[in-house]
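Raw contents of structure-v1.json, JSON, C-alpha atoms:
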```json
[["chain", "number", "residue", "atom", "x", "y", "z"],
["N", 1226, "MET", "CA", 12.73, -10.67, -1.59],
["N", 1227, "ALA", "CA", 10.64, -7.70, -2.74],
["N", 1228, "ARG", "CA", 11.71, -4.29, -1.45],
["N", 1229, "PRO", "CA", 9.00, -2.66, 0.71],
["N", 1230, "ILE", "CA", 8.09, 0.87, -0.42],
["N", 1231, "ILE", "CA", 5.63, 3.62, 0.41],
["N", 1232, "VAL", "CA", 4.67, 5.99, -2.41],
["N", 1233, "ASP", "CA", 3.91, 9.53, -1.24],
["N", 1234, "THR", "CA", 2.18, 11.31, -4.07],
["N", 1235, "ASP", "CA", -0.09, 14.09, -5.40],
["N", 1236, "PRO", "CA", -1.49, 12.26, -8.39],
["N", 1237, "SER", "CA", -1.45, 13.71, -11.80],
["N", 1238, "PRO", "CA", -0.94, 11.05, -14.50],
["N", 1239, "ASP", "CA", 2.85, 11.03, -13.95],
["N", 1240, "ASP", "CA", 2.40, 10.04, -10.31],
["N", 1241, "ALA", "CA", -0.10, 7.33, -11.16],
["N", 1242, "VAL", "CA", 2.28, 5.84, -13.72],
["N", 1243, "ALA", "CA", 4.90, 5.68, -10.97],
["N", 1244, "PHE", "CA", 2.89, 3.70, -8.45],
["N", 1245, "LEU", "CA", 1.28, 1.51, -11.11],
["N", 1246, "VAL", "CA", 4.73, 0.54, -12.42],
["N", 1247, "ALA", "CA", 5.66, -0.37, -8.85],
["N", 1248, "LEU", "CA", 2.51, -2.47, -8.45],
["N", 1249, "ALA", "CA", 3.27, -4.19, -11.77],
["N", 1250, "SER", "CA", 6.66, -5.25, -10.33],
["N", 1251, "PRO", "CA", 5.75, -7.49, -7.36],
["N", 1252, "ASP", "CA", 8.90, -9.59, -7.62],
["N", 1253, "GLU", "CA", 11.03, -6.52, -6.97],
["N", 1254, "LEU", "CA", 8.78, -4.12, -5.03],
["N", 1255, "GLU", "CA", 6.17, -4.51, -2.30],
["N", 1256, "VAL", "CA", 3.91, -1.46, -2.23],
["N", 1257, "LEU", "CA", 2.87, -1.09, 1.41],
["N", 1258, "GLY", "CA", 0.59, 1.79, 0.58],
["N", 1259, "VAL", "CA", 0.01, 5.05, -1.22],
["N", 1260, "THR", "CA", -0.12, 8.29, 0.78],
["N", 1261, "THR", "CA", -1.54, 11.42, -0.78],
["N", 1262, "VAL", "CA", -0.82, 15.08, -0.17],
["N", 1263, "ALA", "CA", -1.89, 18.44, -1.53],
["N", 1264, "GLY", "CA", 0.29, 19.53, -4.43],
["N", 1265, "ASN", "CA", -0.66, 19.38, -8.08],
["N", 1266, "VAL", "CA", -4.26, 19.77, -6.91],
["N", 1267, "PRO", "CA", -5.85, 19.82, -3.43],
["N", 1268, "VAL", "CA", -5.64, 16.65, -1.36],
["N", 1269, "ASN", "CA", -9.28, 15.63, -1.87],
["N", 1270, "LEU", "CA", -8.54, 15.41, -5.61],
["N", 1271, "THR", "CA", -5.14, 13.76, -5.29],
["N", 1272, "SER", "CA", -6.74, 11.14, -3.05],
["N", 1273, "LYS", "CA", -9.52, 10.60, -5.57],
["N", 1274, "ASN", "CA", -7.09, 10.37, -8.50],
["N", 1275, "ALA", "CA", -4.97, 7.76, -6.74],
["N", 1276, "ARG", "CA", -8.01, 5.57, -6.24],
["N", 1277, "LYS", "CA", -9.21, 6.09, -9.82],
["N", 1278, "ALA", "CA", -5.87, 4.82, -11.11],
["N", 1279, "LEU", "CA", -5.84, 1.84, -8.73],
["N", 1280, "GLU", "CA", -9.37, 0.85, -9.71],
["N", 1281, "LEU", "CA", -8.54, 1.15, -13.40],
["N", 1282, "ALA", "CA", -5.58, -1.20, -12.90],
["N", 1283, "LYS", "CA", -7.54, -3.55, -10.60],
["N", 1284, "GLN", "CA", -5.13, -2.88, -7.73],
["N", 1285, "THR", "CA", -7.71, -1.98, -5.10],
["N", 1286, "HIS", "CA", -5.93, -4.08, -2.45],
["N", 1287, "THR", "CA", -3.47, -1.18, -2.16],
["N", 1288, "PRO", "CA", -4.48, 1.16, 0.69],
["N", 1289, "VAL", "CA", -4.61, 4.92, 0.10],
["N", 1290, "TRP", "CA", -4.24, 7.27, 3.04],
["N", 1291, "ALA", "CA", -5.05, 10.96, 2.66],
["N", 1292, "GLY", "CA", -2.56, 13.35, 4.19],
["N", 1293, "ALA", "CA", -1.73, 17.03, 4.56],
["N", 1294, "SER", "CA", -4.04, 19.55, 2.94],
["N", 1295, "ALA", "CA", -1.49, 22.39, 3.06],
["N", 1296, "PRO", "CA", 2.27, 22.90, 3.42],
["N", 1297, "LEU", "CA", 3.89, 23.18, 6.85],
["N", 1298, "LEU", "CA", 4.08, 26.98, 6.95],
["N", 1299, "ARG", "CA", 2.74, 28.39, 3.68],
["N", 1300, "PRO", "CA", -0.46, 28.65, 1.66],
["N", 1301, "LEU", "CA", -0.95, 25.86, -0.85],
["N", 1302, "ILE", "CA", 0.14, 26.48, -4.44],
["N", 1303, "THR", "CA", -1.32, 24.08, -7.02],
["N", 1304, "ALA", "CA", -0.73, 23.38, -10.72],
["N", 1305, "GLU", "CA", -4.09, 23.17, -12.46],
["N", 1306, "HIS", "CA", -2.54, 25.20, -15.29],
["N", 1307, "VAL", "CA", -0.54, 22.07, -16.10],
["N", 1308, "HIS", "CA", -2.76, 19.17, -15.04],
["N", 1309, "GLY", "CA", -6.27, 20.55, -15.47],
["N", 1310, "LYS", "CA", -8.82, 21.29, -12.76],
["N", 1311, "THR", "CA", -9.03, 17.69, -11.55],
["N", 1312, "GLY", "CA", -5.34, 16.88, -11.90],
["N", 1313, "PHE", "CA", -6.45, 14.00, -14.11],
["N", 1314, "ASP", "CA", -7.93, 15.85, -17.07],
["N", 1315, "GLY", "CA", -7.74, 14.29, -20.51],
["N", 1316, "TYR", "CA", -9.66, 11.04, -20.02],
["N", 1317, "ASP", "CA", -12.85, 10.35, -18.08],
["N", 1318, "LEU", "CA", -12.38, 7.69, -15.44],
["N", 1319, "PRO", "CA", -15.25, 6.61, -13.18],
["N", 1320, "GLU", "CA", -15.56, 8.03, -9.70],
["N", 1321, "PRO", "CA", -13.75, 5.65, -7.34],
["N", 1322, "THR", "CA", -15.73, 3.29, -5.14],
["N", 1323, "MET", "CA", -12.85, 2.04, -2.99],
["N", 1324, "PRO", "CA", -12.73, 3.89, 0.33],
["N", 1325, "LEU", "CA", -9.75, 5.73, 1.70],
["N", 1326, "ALA", "CA", -7.88, 3.86, 4.41],
["N", 1327, "GLU", "CA", -8.68, 5.11, 7.89],
["N", 1328, "GLY", "CA", -6.24, 7.52, 9.44],
["N", 1329, "PHE", "CA", -3.88, 10.33, 8.51],
["N", 1330, "ALA", "CA", -1.12, 9.64, 5.99],
["N", 1331, "PRO", "CA", 1.82, 10.78, 8.18],
["N", 1332, "ASP", "CA", 0.61, 8.48, 10.95],
["N", 1333, "ALA", "CA", 0.33, 5.62, 8.45],
["N", 1334, "ILE", "CA", 3.90, 6.28, 7.27],
["N", 1335, "VAL", "CA", 5.15, 6.06, 10.85],
["N", 1336, "ASP", "CA", 3.23, 2.84, 11.48],
["N", 1337, "LEU", "CA", 4.30, 1.15, 8.23],
["N", 1338, "VAL", "CA", 7.98, 1.98, 8.77],
["N", 1339, "MET", "CA", 8.23, 1.31, 12.49],
["N", 1340, "ARG", "CA", 6.54, -2.08, 12.34],
["N", 1341, "ARG", "CA", 9.27, -3.28, 9.96],
["N", 1342, "ALA", "CA", 12.87, -4.08, 10.83],
["N", 1343, "PRO", "CA", 15.36, -1.19, 10.56],
["N", 1344, "GLY", "CA", 16.62, -0.60, 7.03],
["N", 1345, "GLU", "CA", 13.71, -2.25, 5.24],
["N", 1346, "VAL", "CA", 11.33, 0.44, 3.99],
["N", 1347, "THR", "CA", 12.04, 2.92, 1.19],
["N", 1348, "LEU", "CA", 10.03, 6.14, 0.92],
["N", 1349, "CYS", "CA", 9.27, 7.16, -2.66],
["N", 1350, "CYS", "CA", 8.57, 10.90, -2.62],
["N", 1351, "ILE", "CA", 6.98, 12.22, -5.80],
["N", 1352, "ALA", "CA", 5.15, 15.23, -4.35],
["N", 1353, "PRO", "CA", 5.70, 18.06, -1.89],
["N", 1354, "MET", "CA", 7.25, 16.42, 1.18],
["N", 1355, "THR", "CA", 4.78, 17.68, 3.80],
["N", 1356, "ASN", "CA", 3.62, 14.20, 4.83],
["N", 1357, "ILE", "CA", 7.20, 13.00, 5.26],
["N", 1358, "ALA", "CA", 8.19, 15.99, 7.38],
["N", 1359, "LEU", "CA", 5.11, 15.55, 9.57],
["N", 1360, "ALA", "CA", 5.84, 11.84, 10.00],
["N", 1361, "MET", "CA", 9.43, 12.62, 11.03],
["N", 1362, "ALA", "CA", 8.20, 15.21, 13.53],
["N", 1363, "LYS", "CA", 5.84, 12.64, 15.04],
["N", 1364, "GLU", "CA", 8.44, 9.86, 15.27],
["N", 1365, "ARG", "CA", 12.02, 11.09, 15.76],
["N", 1366, "ARG", "CA", 13.42, 7.61, 15.07],
["N", 1367, "LEU", "CA", 11.79, 7.38, 11.64],
["N", 1368, "ALA", "CA", 14.72, 8.56, 9.50],
["N", 1369, "GLY", "CA", 17.06, 6.09, 11.18],
["N", 1370, "ARG", "CA", 14.73, 3.18, 10.38],
["N", 1371, "LEU", "CA", 14.59, 3.82, 6.64],
["N", 1372, "ARG", "CA", 16.51, 1.99, 3.96],
["N", 1373, "GLU", "CA", 16.39, 5.01, 1.64],
["N", 1374, "ILE", "CA", 14.37, 8.03, 0.57],
["N", 1375, "VAL", "CA", 14.08, 8.49, -3.20],
["N", 1376, "ILE", "CA", 12.81, 11.90, -4.29],
["N", 1377, "MET", "CA", 11.65, 13.30, -7.61],
["N", 1378, "GLY", "CA", 12.36, 16.96, -7.07],
["N", 1379, "GLY", "CA", 14.78, 19.81, -7.30],
["N", 1380, "ALA", "CA", 16.89, 21.13, -10.12],
["N", 1381, "PHE", "CA", 20.44, 22.28, -10.78],
["N", 1382, "SER", "CA", 21.55, 23.59, -14.18],
["N", 1383, "GLU", "CA", 18.09, 23.03, -15.70],
["N", 1384, "GLY", "CA", 16.55, 25.81, -13.64],
["N", 1385, "GLY", "CA", 13.06, 25.68, -12.19],
["N", 1386, "ASN", "CA", 9.68, 24.80, -13.63],
["N", 1387, "ILE", "CA", 7.47, 26.87, -11.31],
["N", 1388, "THR", "CA", 9.87, 29.80, -10.79],
["N", 1389, "PRO", "CA", 13.19, 30.53, -12.51],
["N", 1390, "ALA", "CA", 14.96, 28.91, -9.54],
["N", 1391, "ALA", "CA", 12.63, 26.25, -8.14],
["N", 1392, "GLU", "CA", 11.13, 22.90, -9.08],
["N", 1393, "PHE", "CA", 7.46, 22.52, -8.14],
["N", 1394, "ASN", "CA", 7.59, 19.73, -5.52],
["N", 1395, "VAL", "CA", 10.24, 21.55, -3.49],
["N", 1396, "TYR", "CA", 8.74, 25.01, -4.02],
["N", 1397, "VAL", "CA", 5.32, 24.08, -2.68],
["N", 1398, "ASP", "CA", 6.75, 23.15, 0.72],
["N", 1399, "PRO", "CA", 10.41, 24.19, 0.96],
["N", 1400, "GLU", "CA", 10.50, 23.83, 4.75],
["N", 1401, "ALA", "CA", 9.37, 20.21, 4.47],
["N", 1402, "ALA", "CA", 11.97, 19.53, 1.77],
["N", 1403, "ALA", "CA", 14.70, 21.09, 3.91],
["N", 1404, "ARG", "CA", 13.76, 18.94, 6.89],
["N", 1405, "VAL", "CA", 13.75, 15.76, 4.81],
["N", 1406, "LEU", "CA", 17.11, 16.51, 3.17],
["N", 1407, "GLY", "CA", 18.59, 17.14, 6.58],
["N", 1408, "CYS", "CA", 17.17, 14.04, 8.28],
["N", 1409, "GLY", "CA", 20.26, 11.86, 7.96],
["N", 1410, "ALA", "CA", 18.66, 8.98, 6.04],
["N", 1411, "PRO", "CA", 20.21, 7.82, 2.75],
["N", 1412, "ILE", "CA", 18.67, 10.03, 0.06],
["N", 1413, "THR", "CA", 18.60, 9.83, -3.72],
["N", 1414, "MET", "CA", 17.22, 12.84, -5.62],
["N", 1415, "ILE", "CA", 16.12, 12.83, -9.25],
["N", 1416, "PRO", "CA", 15.91, 16.45, -10.44],
["N", 1417, "LEU", "CA", 14.61, 18.17, -13.54],
["N", 1418, "ASP", "CA", 18.10, 17.86, -15.05],
["N", 1419, "CYS", "CA", 17.39, 14.13, -15.29],
["N", 1420, "THR", "CA", 13.64, 14.00, -15.90],
["N", 1421, "HIS", "CA", 13.81, 16.52, -18.76],
["N", 1422, "GLN", "CA", 15.74, 13.86, -20.71],
["N", 1423, "ALA", "CA", 12.80, 11.45, -20.48],
["N", 1424, "LEU", "CA", 10.15, 12.75, -22.88],
["N", 1425, "THR", "CA", 6.80, 11.14, -23.73],
["N", 1426, "THR", "CA", 7.32, 11.36, -27.47],
["N", 1427, "GLU", "CA", 4.52, 10.48, -29.87],
["N", 1428, "ALA", "CA", 6.31, 7.23, -30.71],
["N", 1429, "ARG", "CA", 6.54, 6.24, -27.05],
["N", 1430, "LEU", "CA", 2.89, 7.04, -26.36],
["N", 1431, "ASN", "CA", 1.84, 5.10, -29.46],
["N", 1432, "LYS", "CA", 3.84, 2.11, -28.22],
["N", 1433, "LEU", "CA", 2.00, 2.30, -24.92],
["N", 1434, "ARG", "CA", -1.37, 2.51, -26.66],
["N", 1435, "SER", "CA", -0.55, -0.45, -28.89],
["N", 1436, "PHE", "CA", -0.94, -2.86, -25.97],
["N", 1437, "GLY", "CA", -4.67, -2.21, -26.10],
["N", 1438, "THR", "CA", -5.38, -2.64, -22.40],
["N", 1439, "PRO", "CA", -7.69, -0.27, -20.47],
["N", 1440, "VAL", "CA", -4.65, 1.02, -18.56],
["N", 1441, "ALA", "CA", -2.68, 1.63, -21.75],
["N", 1442, "GLU", "CA", -5.58, 3.39, -23.48],
["N", 1443, "ALA", "CA", -6.36, 5.61, -20.50],
["N", 1444, "PHE", "CA", -2.76, 6.66, -19.91],
["N", 1445, "TYR", "CA", -2.18, 7.30, -23.60],
["N", 1446, "HIS", "CA", -4.86, 9.99, -23.39],
["N", 1447, "LEU", "CA", -4.01, 11.21, -19.88],
["N", 1448, "LEU", "CA", -0.33, 11.67, -20.69],
["N", 1449, "LYS", "CA", -1.06, 13.19, -24.09],
["N", 1450, "PHE", "CA", -3.21, 15.88, -22.46],
["N", 1451, "ASN", "CA", -0.89, 16.26, -19.48],
["N", 1452, "LYS", "CA", 2.15, 17.05, -21.63],
["N", 1453, "ILE", "CA", 0.55, 19.78, -23.76],
["N", 1454, "PHE", "CA", 1.78, 22.43, -21.33],
["N", 1455, "ASP", "CA", 5.41, 21.30, -21.57],
["N", 1456, "GLN", "CA", 5.25, 20.88, -25.33],
["N", 1457, "GLN", "CA", 4.06, 24.45, -25.73],
["N", 1458, "LYS", "CA", 6.48, 25.80, -23.13],
["N", 1459, "TYR", "CA", 9.65, 24.09, -24.33],
["N", 1460, "GLY", "CA", 8.85, 23.19, -27.94],
["N", 1461, "TRP", "CA", 9.55, 19.51, -27.26],
["N", 1462, "ASP", "CA", 8.03, 16.37, -28.77],
["N", 1463, "GLY", "CA", 6.13, 15.39, -25.62],
["N", 1464, "GLY", "CA", 6.88, 16.25, -22.03],
["N", 1465, "PRO", "CA", 8.93, 14.77, -19.20],
["N", 1466, "LEU", "CA", 7.63, 11.66, -17.45],
["N", 1467, "HIS", "CA", 9.00, 12.87, -14.14],
["N", 1468, "ASP", "CA", 7.70, 10.74, -11.31],
["N", 1469, "ALA", "CA", 8.15, 7.23, -12.66],
["N", 1470, "THR", "CA", 11.92, 7.84, -12.59],
["N", 1471, "VAL", "CA", 11.78, 7.13, -8.85],
["N", 1472, "ILE", "CA", 10.39, 3.64, -9.39],
["N", 1473, "ALA", "CA", 12.64, 3.03, -12.40],
["N", 1474, "TYR", "CA", 15.65, 3.89, -10.22],
["N", 1475, "LEU", "CA", 14.64, 1.18, -7.74],
["N", 1476, "LEU", "CA", 14.15, -1.35, -10.55],
["N", 1477, "ALA", "CA", 17.15, -0.41, -12.74],
["N", 1478, "PRO", "CA", 19.59, 1.94, -10.96],
["N", 1479, "GLU", "CA", 22.22, 1.25, -13.61],
["N", 1480, "ILE", "CA", 20.39, 3.41, -16.17],
["N", 1481, "PHE", "CA", 20.98, 6.53, -14.04],
["N", 1482, "LYS", "CA", 24.16, 8.51, -13.42],
["N", 1483, "GLY", "CA", 25.02, 11.03, -10.72],
["N", 1484, "ARG", "CA", 27.13, 11.57, -7.64],
["N", 1485, "LYS", "CA", 26.93, 12.22, -3.92],
["N", 1486, "VAL", "CA", 26.79, 15.95, -3.20],
["N", 1487, "ASN", "CA", 25.43, 18.41, -0.69],
["N", 1488, "VAL", "CA", 21.97, 19.78, -1.46],
["N", 1489, "GLU", "CA", 20.30, 22.48, 0.62],
["N", 1490, "VAL", "CA", 16.91, 24.18, 0.14],
["N", 1491, "GLU", "CA", 16.43, 27.94, 0.14],
["N", 1492, "CYS", "CA", 13.58, 28.84, 2.50],
["N", 1493, "ALA", "CA", 14.03, 32.58, 3.01],
["N", 1494, "SER", "CA", 14.63, 34.47, -0.22],
["N", 1495, "PRO", "CA", 11.50, 35.61, -2.12],
["N", 1496, "LEU", "CA", 13.56, 35.49, -5.31],
["N", 1497, "THR", "CA", 14.92, 31.95, -4.99],
["N", 1498, "LEU", "CA", 12.45, 30.30, -2.59],
["N", 1499, "GLY", "CA", 12.49, 26.53, -3.01],
["N", 1500, "MET", "CA", 15.75, 26.47, -4.95],
["N", 1501, "THR", "CA", 17.85, 23.36, -4.44],
["N", 1502, "VAL", "CA", 21.41, 24.63, -3.95],
["N", 1503, "VAL", "CA", 23.54, 21.80, -5.32],
["N", 1504, "ASP", "CA", 27.24, 21.77, -4.45],
["N", 1505, "TRP", "CA", 28.16, 19.73, -7.54],
["N", 1506, "TRP", "CA", 31.83, 20.72, -7.45],
["N", 1507, "GLY", "CA", 32.32, 20.43, -3.69],
["N", 1508, "VAL", "CA", 33.20, 24.10, -3.23],
["N", 1509, "SER", "CA", 31.59, 24.35, 0.21],
["N", 1510, "SER", "CA", 32.52, 22.59, 3.41],
["N", 1511, "ARG", "CA", 29.05, 21.08, 3.68],
["N", 1512, "LYS", "CA", 28.82, 17.31, 3.99],
["N", 1513, "PRO", "CA", 27.32, 15.43, 1.03],
["N", 1514, "ASN", "CA", 23.80, 14.35, 1.92],
["N", 1515, "VAL", "CA", 22.21, 13.35, -1.41],
["N", 1516, "MET", "CA", 22.94, 11.04, -4.32],
["N", 1517, "PHE", "CA", 21.98, 13.52, -7.05],
["N", 1518, "LEU", "CA", 21.14, 11.89, -10.41],
["N", 1519, "ARG", "CA", 21.58, 14.05, -13.49],
["N", 1520, "ASP", "CA", 21.36, 11.55, -16.37],
["N", 1521, "VAL", "CA", 19.10, 8.71, -17.47],
["N", 1522, "ASN", "CA", 19.04, 6.38, -20.46],
["N", 1523, "ALA", "CA", 15.64, 7.50, -21.70],
["N", 1524, "ASP", "CA", 15.07, 4.67, -24.17],
["N", 1525, "VAL", "CA", 15.67, 1.99, -21.55],
["N", 1526, "TYR", "CA", 13.58, 3.96, -19.07],
["N", 1527, "PHE", "CA", 10.55, 4.06, -21.35],
["N", 1528, "ASP", "CA", 10.95, 0.41, -22.34],
["N", 1529, "LEU", "CA", 10.86, -0.45, -18.65],
["N", 1530, "VAL", "CA", 7.90, 1.79, -17.79],
["N", 1531, "ILE", "CA", 5.79, 0.84, -20.78],
["N", 1532, "GLY", "CA", 6.63, -2.84, -20.39],
["N", 1533, "ARG", "CA", 5.50, -2.85, -16.76],
["N", 1534, "LEU", "CA", 2.31, -0.91, -17.48],
["N", 1535, "ALA", "CA", 1.48, -3.48, -20.14],
["N", 1536, "ARG", "CA", 1.30, -6.13, -17.39],
["N", 1537, "LEU", "CA", -1.72, -4.46, -15.78]]
```
Produce structure tokens that represent the structure in this file.
Amino acid sequence: MARPIIVDTDPSPDDAVAFLVALASPDELEVLGVTTVAGNVPVNLTSKNARKALELAKQTHTPVWAGASAPLLRPLITAEHVHGKTGFDGYDLPEPTMPLAEGFAPDAIVDLVMRRAPGEVTLCCIAPMTNIALAMAKERRLAGRLREIVIMGGAFSEGGNITPAAEFNVYVDPEAAARVLGCGAPITMIPLDCTHQALTTEARLNKLRSFGTPVAEAFYHLLKFNKIFDQQKYGWDGGPLHDATVIAYLLAPEIFKGRKVNVEVECASPLTLGMTVVDWWGVSSRKPNVMFLRDVNADVYFDLVIGRLARL
């Protein structure tokens, strides 16, 4: 029986790869919907980019709900310096014709989870967690009804990618991240320590392009443009394909390694705002609350991702 999931996202190409891989895996995953939030770019653009990707892949049966336009307590910080002004720069896709689903994304999350039996739905969080925190504030029973929350976010020994201490998704809305990590649901977190092992090398992008489908051609160009920033910053061959690790974990958890630890989010310090404080060695008395994954078999990961995209 396919595992029901909701993908909460702020689509740049990475995010779109994640939910398209999920949609290409109907035997294993049932995508109940895509919820968008402000993050990489404002929410009007993330909502548009999600629908562009779904139309490209002929997956317009998947509803898209637009969500929060700003973090819980802070001004919005975006990442056009990485993803371009649209969040989807690098390849011209048509303006979407499919409408947004009616309603507010946090309300949709509550409805989709609460209508299912307890322990069925998994939340896939590949963006700032504002929508999730708002949904949990609206419905106090929500966390207890979830099967799992899987998050792409945070960092430990790798350091941050938006500040020296913080990873972008957590930094944009640290209060939301703190609330989600403290909600009591089973949580798996995939940090930069893991995603920085999974690089879109030229060989991997060429393999994707070789399938010759409209999806493969578009994402060859989108990812090639999208990873220029990381290539220049780190001197790598390609950049990390961050967000699809969440879906890959659901499909092939055996390719990841980590352990259960306590993770807290810094919400006060101007110097380390958004830092995920990971008690890897158990030196505090804090209870472990997160399965924190630090390693991935990158070759198997890309074989899985590219193979699923080739189905669309």
(request) Could you check which of N:Gly1532, N:Arg1372, N:Ala1278, N:Leu1337 is closest to Phe1436 of chain N, using all atoms listed in the file? (result)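 Closest to Phe1436 of chain N of all the choices is N:Gly1532.
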Expected axis-aligned box over every listed atom of segment 1285-1296 of chain N, 5 Å added per side, centre plus edges in Å to one decimal, as AutoDock Vina command-line options:
```
--center_x -2.7 --center_y 9.4 --center_z -0.3 --size_x 20.0 --size_y 37.0 --size_z 19.7
```
(message) List the spatial neighbours of Met1339 of chain N as a list of chain:residue names - criterion: any atom at most 10 Å away, all atoms listed in the file, same-chain residues fewer than 6 positions off excluded.
(response)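 Here the answer would be N:Ala1333, N:Glu1345, N:Val1346, N:Glu1364, N:Arg1366, N:Leu1367, N:Arg1370, N:Leu1371.
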Proximity of segment 1394-1453 of chain N to segment 1473-1486 of chain N: per-residue shortest pair, 10 Å limit, all atoms listed in the file, as a Markdown table:
```
| residue | atom | partner | partner_atom | distance |
| --- | --- | --- | --- | --- |
| N:Ile1412 | CA | N:Lys1485 | CA | 9.4 |
| N:Thr1413 | CA | N:Lys1485 | CA | 8.7 |
| N:Met1414 | CA | N:Gly1483 | CA | 9.5 |
| N:Ile1415 | CA | N:Tyr1474 | CA | 9.0 |
| N:Cys1419 | CA | N:Phe1481 | CA | 8.5 |
```
(message) Ranking N:Asn1451, N:Asn1265, N:Thr1260, N:Thr1311 by minimum distance to Ala1330 of chain N and counting only C-alpha atoms, which one comes first?
(response) N:Thr1260
(request) Go through N:Leu1537, N:Ala1291, N:Val1488, N:Val1307 and flag the residue nearest Lys1449 of chain N, using only C-alpha atoms for the distances. (result) N:Val1307
(message) Nearest residue to Ala1241 of chain N out of N:Glu1253, N:Ala1295, N:Leu1447, N:Ala1362, using only C-alpha atoms?
(response) N:Leu1447
(message) Could you tell me how far atom CA of Pro1399 of chain N sits from atom CA of Ser1494 of chain N, in Å to one decimal place?
(response) 11.2 Å
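Computed from the coordinates, the atom CA of Asp1235 of chain N to atom CA of Asp1418 of chain N distance equals 20.9 Å.
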(message) Quick check, in Å to one decimal: how far apart do atom CA of Phe1517 of chain N and atom CA of Cys1408 of chain N lie?
(response)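 Computed distance, atom CA of Phe1517 of chain N to atom CA of Cys1408 of chain N, equals 16.1 Å.
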(message) Give me the residues near segment 1463-1471 of chain N as a list of chain:residue names, where near means some atom within 7 Å (using all atoms listed in the file) and where sequence neighbours in that chain fewer than 2 positions away do not count.
(response) N:Asp1239, N:Asp1240, N:Val1242, N:Ala1243, N:Cys1349, N:Ile1351, N:Val1375, N:Ile1376, N:Met1377, N:Thr1420, N:His1421, N:Ala1423, N:Leu1424, N:Thr1425, N:Thr1426, N:Glu1427, N:Lys1452, N:Asp1455, N:Gln1456, N:Trp1461, N:Ala1473, N:Tyr1474, N:Leu1475
(message) as a list in words, please: the residues near Ser1250 of chain N (cut-off 12 Å, all atoms listed in the file, same-chain neighbours under 2 positions excluded).
(response)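 Once the adjacent positions are removed, what remains is Met1226, Ala1227, Arg1228, Pro1229, Ile1230, Ala1243, Phe1244, Leu1245, Val1246, Ala1247, Leu1248, Asp1252, Glu1253, Leu1254, Glu1255, Val1256, Ile1472, Ala1473, Leu1475, Leu1476, Ala1477, Leu1529, Val1530, Gly1532, Arg1533, Leu1534, Ala1535, Arg1536 and Leu1537 of chain N.
Proximity of N:Ile1374, N:Ala1390, N:Leu1297, N:Ile1231 to Leu1257 of chain N, computed with all atoms listed in the file, is greatest for N:Ile1231.
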(request) Mind checking which residues fall within 9 Å of segment 1432-1434 of chain N, counting all atoms listed in the file, ignoring those fewer than 2 positions away in the same chain, and posting them as a ChimeraX atom specification? (result) /N:1427-1430,1436-1438,1440-1446,1531-1532,1534-1535
Using the selection just defined, write its residues with C-alpha atoms as a JSON list (two decimals), in the coordinates of the input.
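Ended up saving to out.json:
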```
[["chain", "number", "residue", "atom", "x", "y", "z"],
["N", 1427, "GLU", "CA", 4.52, 10.48, -29.87],
["N", 1428, "ALA", "CA", 6.31, 7.23, -30.71],
["N", 1429, "ARG", "CA", 6.54, 6.24, -27.05],
["N", 1430, "LEU", "CA", 2.89, 7.04, -26.36],
["N", 1436, "PHE", "CA", -0.94, -2.86, -25.97],
["N", 1437, "GLY", "CA", -4.67, -2.21, -26.10],
["N", 1438, "THR", "CA", -5.38, -2.64, -22.40],
["N", 1440, "VAL", "CA", -4.65, 1.02, -18.56],
["N", 1441, "ALA", "CA", -2.68, 1.63, -21.75],
["N", 1442, "GLU", "CA", -5.58, 3.39, -23.48],
["N", 1443, "ALA", "CA", -6.36, 5.61, -20.50],
["N", 1444, "PHE", "CA", -2.76, 6.66, -19.91],
["N", 1445, "TYR", "CA", -2.18, 7.30, -23.60],
["N", 1446, "HIS", "CA", -4.86, 9.99, -23.39],
["N", 1531, "ILE", "CA", 5.79, 0.84, -20.78],
["N", 1532, "GLY", "CA", 6.63, -2.84, -20.39],
["N", 1534, "LEU", "CA", 2.31, -0.91, -17.48],
["N", 1535, "ALA", "CA", 1.48, -3.48, -20.14]]
```
(request) Find the residues around Met1500 of chain N up to 8 Å (only C-alpha atoms counted), leave out those fewer than 6 positions away in its own chain, and share them as a VMD selection string. (result) chain N and resid 1379 to 1380 1385 1390 to 1392 1395 to 1396 1490 to 1491
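Restricting the calculation to all atoms listed in the file, the smallest distance between Trp1505 of chain N and any of N:Ser1382, N:Phe1313, N:Lys1458, N:Asn1431 is found for N:Ser1382.
A search radius of 9 Å centred on (-14.4, 10.2, -6.7), applied to all atoms listed in the file, returns the residues Asn1269, Leu1270, Ser1272, Lys1273, Asn1274, Arg1276, Lys1277, Pro1319, Glu1320, Pro1321 and Thr1322 of chain N.
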Dump C-alpha atoms for the selected residues as a CSV table (one decimal), in the frame of the given file?
```csv
chain,number,residue,atom,x,y,z
N,1269,ASN,CA,-9.3,15.6,-1.9
N,1270,LEU,CA,-8.5,15.4,-5.6
N,1272,SER,CA,-6.7,11.1,-3.0
N,1273,LYS,CA,-9.5,10.6,-5.6
N,1274,ASN,CA,-7.1,10.4,-8.5
N,1276,ARG,CA,-8.0,5.6,-6.2
N,1277,LYS,CA,-9.2,6.1,-9.8
N,1319,PRO,CA,-15.2,6.6,-13.2
N,1320,GLU,CA,-15.6,8.0,-9.7
N,1321,PRO,CA,-13.8,5.6,-7.3
N,1322,THR,CA,-15.7,3.3,-5.1
```
(message) Around (-2.9, 8.0, 9.1), as given in the file, which residues come within 10 Å? Count all atoms listed in the file and list them as a list in words.
(response) Thr1260, Val1289, Trp1290, Ala1291, Gly1292, Ala1326, Glu1327, Gly1328, Phe1329, Ala1330, Pro1331, Asp1332, Ala1333, Ile1334, Val1335, Asp1336, Leu1337, Asn1356 and Ala1360 of chain N
